[in-house]
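Heads up, the thing below is written out as structure tokens.
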Amino acid sequence: MQQPYLLTILTFLPVAGALALLLAPDDDHVLIRRLALITATAEFAISLLLFRGFNSQLAGYQWEELHNWIPQPPIHYHLGVDGLSLFLVLLTTLLTPISMLASWKSINERVKGFFICLLVLETGVIGVFVSLDMFLFFLFWEVMLIPMYFLIGIWGHERRIYAALKFVLYTMFGSILMLVAMLWLYRLTAVAGTPTFDIPQIQSMLSSGTITLPAVTEMLLFGAFFLAFAIKVPLFPLHTWLPDAHTEAPTAGSVMLAGVLLKMGTYGMLRFCLPLFPEAAHKFAPAIAVLAIIGIIYGALVAMVQVDLKRLVAYSSVSHLGFVVLGIFAFHVISIQGAVFQMLAHGISTGALFLGVGMLYDRRHTHLIKEYGGLATPMPVLAGLYLFSCFASAGLPMLNGFVGEFLILAGTFQRHADWSAWAALGVIFSAVYLLWSYQRVFFGAVTKDKNASLPDADLRERGILFLMAAIILWMGMGSPFFTRRIEASAQNVLQLMQRPQAAYDAGVIRGGAEMNSMNLNRFAMPANGNNAGTVNSK
Amino acid sequence: MPALTYMWIIPLLPLLGAAANGLFGARWSKGVVTGVALSSTTLSFLAALEVVREFFTLSAGQIPWTQSYFTWISAGGFRADFALQVDQLTVVMLLVVTGVGWLIHIYSSGYMHDDPGYRRFFAYLNLFMFFMLILILAANYLLMFVGWEGVGLCSYLLIGFFFLKQSATNAGNKAFWVNRIGDFGFILGVLLIFRTFHTLDFAGVLPAAAKMAADPAGQIGTLTAIGLLLFVGAAGKSAQLPLYVWLPDAMEGPTPVSALIHAATMVTAGVYMVVRSHAIFLNAPVAMQVVGVVGCLTALFAATIGLVQTDIKKVLAYSTVSQLGYMFLACGVGAFGAGVFHLMTHAFFKGLLFLAAGSVIHAMGGEQDMRKMGGLRKKIPVTFWTMFMATLAIAGAPGFSGYFSKDEILEAAQHSSPVLWGLGVLTAGITSFYMFRLLFLTFFGKQRYDEHHVHVHESPKNMLAPLVVLAILSVCGGWMAAPALWGGVNHFQHFLAPVLGTASEAAAESAPGGAEILQAIFGPPVIAGLLGFFLAWWMYIKSPETPKKWAASLSAPYKLLSGKYFIDELYAAAVVRPLVWVSEKVLWHVVDEGAIDGAVNGVATVSRESGDRLRRMTSGNVRSYATWILVGALVFTSLLLWMVS
């Protein structure tokens, strides 16, 4: 049986931990770290319960919670996960304790604030992934910004303030557009007689034709949502906040940023842009695909010539996320599954790369490639594990990056062989920038005296990187564990994009009879049967 | 059928060896490391032998024998299993890979004995065996790609094994990158196969491709496109024009690696893949032509470079490129079986040539320049005699293994195109010349090294034993085909016939007479080989001043050849440097930092100024984020009120 409050617990446990941390004495760093880690680990353990009773055959939301919250305007506390969000939640609960472990020794200033920020961030991100009410979604979307702003701005490197501001401003710009679009949608539901912020309900109203959108309106709404998400992804040419944010953020910030925050963008596209505005999505898809492909190649080429190792990994994210966007906008079930898988794979492998870069930074306090060289001699273990992550990121088969990229290319190829062919060029360039930078950092003779005696990865660092390596290998070998649970929801997105022609025929469906039946069955959706039960019990 | 059912054990054993040595070997003594590495390959070889034994008990209907172990990738209508298969082609590859691989492991335990990276070396070498076995045992294109990329990874690791040397890591990168260009073609070919046949299983794709109507000659239909894309992959892995450039540089790796990976096994993966996909190629005439022409041109092109190289391993590297060209020539003219035959004999004699060269280098204390050798024949007799056998084999001396396979290829080419045949015969002559040049420079003539510095010594037994075994194979490895000479059955082709769908050639009606047999043996290829031999003998034994004189009088062509046609320089100037320049100067500095970020920062400046004003309106002490949230909340509320009202 599914426990009714699991998602609530998952969403708010980190904040509860953060509150508990407030009570801890400021200077007892060990206690603070332990408490935070225990909270995050418990959170991860609890999140594993999501698998219990998760029915991979069901396309709709599971573990659903629905409560009235604000009566006027009608805002609900509505949570749920499906195949698209399930693993993103797990990725978040996994990467948070890992980020904490990675910061164990490198954060010694304002330790309490740091861990509180990480925990609040976790709540924000999970909230985004499980919210089924637009208002709630937006709330978490904004809440997440605050701890991230502090993480970059307080514990970051030299240009941290600039980077933090840039990150927040960029995102806020998109958020405002998204907010306007949400309010517009709300107004449309109000006009139709059932004012609501509820995503499944709006979905069903749009799918059934209760609300019809004129082409221009649909395009504007799509555009507003898409822009907000494209900034977050980030899609070329909206990406320039990312290299700065990554380079200046502390390791934990980079891991969370690359690992899960970027995925909020691609997740939003799957949750909002495609199913709510299918016509506009179709119309814009070619242009978006072109931007995604440019992002793949451009990100890789710019990554290739970076002099700063962390910035290089950041640009590689632009390239990898281009694959995800391409997979989403190819509208093929294989490519969408591939896109969701690639979100997870990128979170792990790029997370591992950032962790490795962070370990180098902890030792030398620089990210400049030329400051390193020959590190394989003093630190063979770190060198080996970093290389492993490089190959995961470069999409070596049997490691996780390959599965996502291949499925995206395979799905895209079914419809648009040319898109797929261009995108596949990224496969060449990813090997170039990763191996070239690896050579300059780890191979050769040690050229700088400071590097000669650097300590190799200690037990904690080894543990982190071996864990990441194990997950990389598992995802690469056992991908059906993931794709099996993603499939129904990926199908569902495509199904929701198939509107019956009648739905576009405004006059017919807006008849009274249908209207009433919609009102009676407020939360019932065609492809989402299990929601009906929730409503009845309410 | 215990071994056939559990044939995953064959690749798994080396993987376990690699994992054990890689993860825990640091704490073990050299003896344990050696034990783990050698026993895993030995057991794998034995398991392969058992699989082959059981294979021969199968009935025709049970072949290809396929076993699916778990689903590796599945999404939508796509599915790729971790499935292995054995048919006659696999049997040949399996024996070559595990057999030669096993011998080279033994050799390596001697050759690498004093290297500080001994454990790392064996971990990589075992890992290579794992991926190579996956490549040849895979039952679908995607799993084959796992092996394909995996051997590329190991090649990268082993070329750059001496990672303190910049040239070694450069070569490793180059190998991986050029192979990635090939993989780009391969993966697109695989995608097109999936789109066309809705599966990637050989058992589903190949019969369907065989049933499809052939693409018309001169046109690029679906099958031709698939064939060409796959061949791009093959050209990368098997070092064909224009993607061969990585293989000569790959000689930076330890010599056993050159023997195993860059001669006997990995580089032949492209040939194997094309032969495996023969059903597609047979219905794609344009693709066949491209394969044949590229193969033939590569054979000639690389052989000419080999003429003037002075590094003993570089000569062998270009020779490998050239011999791989022969194999593709065979495929291109439809003689897939001959291609596989040459693949096998080449694995014997070229593996041996590299190992023997390694033994020479070992004896010379690391010297690879043939100009500083000479007269080694008496000092390292076992190495000399085994290398001599291999040289006779590659030069196509009648009776030796290379003779049979090369002759078969050229005969097939003759039926297909006189031009390809002519170039093939010319290449045979050049091959004979550069190989005997190598032999004469190294083992004959005056000694050109300083005896006080170099203490020439024969290699230890664990290095010599594999040489001897491979020498025997280089001599006898082709005899399976010999009966064809006197009108009998070519047993090798007969064995492969069920896979390749070729009717095994019926025995000639009347056995040819002695004169006819002699005529068949001393055909143009053998005559060309003899000419090459005599020229080499004359230039390097009879009058050793000739090479210098010729180099001086023919300086332009000599420079072109010794500069390797300046292809590397061309690629650097035309592709690499422009790409880096554009990426750095244009994309990064102009587009990213200039245009996009310039616009963003411009907007930011405006916002900052307005933000300052807002801040002054409040107490002045409020954090900027709070201001934005306040503004956001205000906007939100007012919009809500506006809409509700």
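Chains: A, B, ... in order of the structure tokens. Residues: from 1 per chain. Ligands: from 1, in order shown.
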| said: Taking only C-alpha atoms into account and nothing else, which residues of chain B lie no more than 7 Å away from chain A? Please answer as number ranges by chain. | reply: B: 72-76, 146, 149, 163-166, 169, 173, 177, 180-181, 184, 188, 191, 195, 580, 583-584, 587-588, 596-597, 643
| task | Apply DSSP to the structure's backbone, then extract all residues of range 487-584 of chain B labelled helix (DSSP H, G or I) and return them as a ChimeraX atom specification. | result | /B:491-500,514-521,524-542,546-553,555-562,564-584
Please build the interface table for range 184-263 of chain B against range 550-567 of chain B with a cut-off of 12 Å, listing for each qualifying residue the nearest atom pair and the distance in Å to one decimal; count only C-alpha atoms, order rows by chain and increasing number, and write it as JSON lines.
```
{"residue": "B:Leu241", "atom": "CA", "partner": "B:Ile567", "partner_atom": "CA", "distance": 10.5}
{"residue": "B:Pro242", "atom": "CA", "partner": "B:Ile567", "partner_atom": "CA", "distance": 9.0}
{"residue": "B:Leu243", "atom": "CA", "partner": "B:Ile567", "partner_atom": "CA", "distance": 10.3}
{"residue": "B:Tyr244", "atom": "CA", "partner": "B:Ile567", "partner_atom": "CA", "distance": 10.0}
{"residue": "B:Val245", "atom": "CA", "partner": "B:Ile567", "partner_atom": "CA", "distance": 7.8}
{"residue": "B:Trp246", "atom": "CA", "partner": "B:Ile567", "partner_atom": "CA", "distance": 11.3}
{"residue": "B:Pro248", "atom": "CA", "partner": "B:Lys564", "partner_atom": "CA", "distance": 10.3}
{"residue": "B:Asp249", "atom": "CA", "partner": "B:Lys564", "partner_atom": "CA", "distance": 12.0}
```
Written file, previous selection with N, CA and C atoms, as an mmCIF file, in the first residue's frame:
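Once everything was written out, this is selection-v7.cif:
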```cif
data_model
loop_
_atom_site.group_PDB
_atom_site.id
_atom_site.type_symbol
_atom_site.label_atom_id
_atom_site.label_comp_id
_atom_site.auth_asym_id
_atom_site.auth_seq_id
_atom_site.Cartn_x
_atom_site.Cartn_y
_atom_site.Cartn_z
ATOM 1 N N LEU B 241 42.029 4.503 -45.351
ATOM 2 C CA LEU B 241 41.960 5.872 -45.842
ATOM 3 C C LEU B 241 40.559 6.405 -45.627
ATOM 4 N N PRO B 242 40.340 7.601 -45.214
ATOM 5 C CA PRO B 242 41.336 8.586 -44.788
ATOM 6 C C PRO B 242 41.533 8.609 -43.266
ATOM 7 N N LEU B 243 41.106 7.563 -42.586
ATOM 8 C CA LEU B 243 41.135 7.580 -41.121
ATOM 9 C C LEU B 243 42.260 6.719 -40.547
ATOM 10 N N TYR B 244 43.259 6.380 -41.367
ATOM 11 C CA TYR B 244 44.300 5.464 -40.898
ATOM 12 C C TYR B 244 45.306 6.133 -39.979
ATOM 13 N N VAL B 245 45.262 7.473 -39.896
ATOM 14 C CA VAL B 245 46.387 8.225 -39.306
ATOM 15 C C VAL B 245 46.708 7.872 -37.854
ATOM 16 N N TRP B 246 45.758 7.268 -37.171
ATOM 17 C CA TRP B 246 46.020 7.012 -35.758
ATOM 18 C C TRP B 246 46.908 5.794 -35.548
ATOM 19 N N PRO B 248 49.692 4.358 -37.121
ATOM 20 C CA PRO B 248 51.151 4.492 -36.979
ATOM 21 C C PRO B 248 51.547 5.131 -35.654
ATOM 22 N N ASP B 249 50.795 6.150 -35.225
ATOM 23 C CA ASP B 249 51.119 6.784 -33.939
ATOM 24 C C ASP B 249 50.893 5.837 -32.770
#
```
| request: Can you pull out every residue within 9 Å of Glu54 in chain B, counting only C-alpha atoms, but drop anything in the same chain fewer than 5 positions away, and send it as a ChimeraX atom specification? | output: /B:1-4,49
| request: For Ala393 in chain B, list every protein, DNA or RNA residue within 9 Å, evaluated using only C-alpha atoms, and leave out those in the same chain fewer than 4 positions away; present the list as a list of chain:residue names. | output: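 Answer for this query is B:Thr345, B:His346, B:Phe349, B:Phe388, B:Met389, B:Ala397, B:Pro398, B:Gly399, B:Phe400, B:Ser401, B:Gly402, B:Tyr403, B:Ser474, B:Val475.
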| query | Between CA of Lys350 in chain B and CA of Ile312 in chain B, what is the distance, to one decimal in Å? | reply |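 Computed distance, CA of Lys350 in chain B to CA of Ile312 in chain B, equals 12.9 Å.
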| task | Could you jot down the CA of Gly61 in chain B to CA of Leu137 in chain B separation for me, Å, one decimal place? | result |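 Going from CA of Gly61 in chain B over to CA of Leu137 in chain B covers 18.8 Å.
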| Distance of CA of Tyr318 in chain B from CA of Val360 in chain B, expressed in Å to one decimal place |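 About the pair CA of Val360 in chain B and CA of Tyr318 in chain B: they are 18.5 Å apart.
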| message | Could you pull out the strand (DSSP E or B) residues of range 54-279 of chain A, going by DSSP on the backbone, and write them as JSON, numbers by chain? | response | {"A": [62, 63, 64, 65, 66, 67, 68, 69, 70, 75, 76, 77, 78, 79, 80, 81, 131, 133, 198]}
| message | So that I can see what lies close to Leu235 in chain A, please list as a VMD selection string the residues with an atom at most 12 Å from it, counting only C-alpha atoms and leaving out residues fewer than 3 positions away in the same chain. | response | chain A and resid 226 to 232 238 to 242 262 to 263 265 to 266 269 287 to 296 298 to 299 315 317 to 326
| Excluding same-chain residues fewer than 6 positions from Trp421 in chain B, what lies within 6 Å of it counting only C-alpha atoms, as JSON, numbers by chain? | {"B": [410, 413, 414]}
| said: Using only C-alpha atoms for the distances, tell me which of B:Glu545, B:Glu609, B:Glu451, B:Glu458 is nearest to Ile380 in chain B. | reply: B:Glu458
| message | Give me the residues near Leu496 in chain B as a list in words, where near means some atom within 8 Å (using only C-alpha atoms) and where sequence neighbours in that chain fewer than 5 positions away do not count. | response |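 Once the nearby chain positions are removed, what remains is Gln88, Leu89 and Gly337 of chain B.
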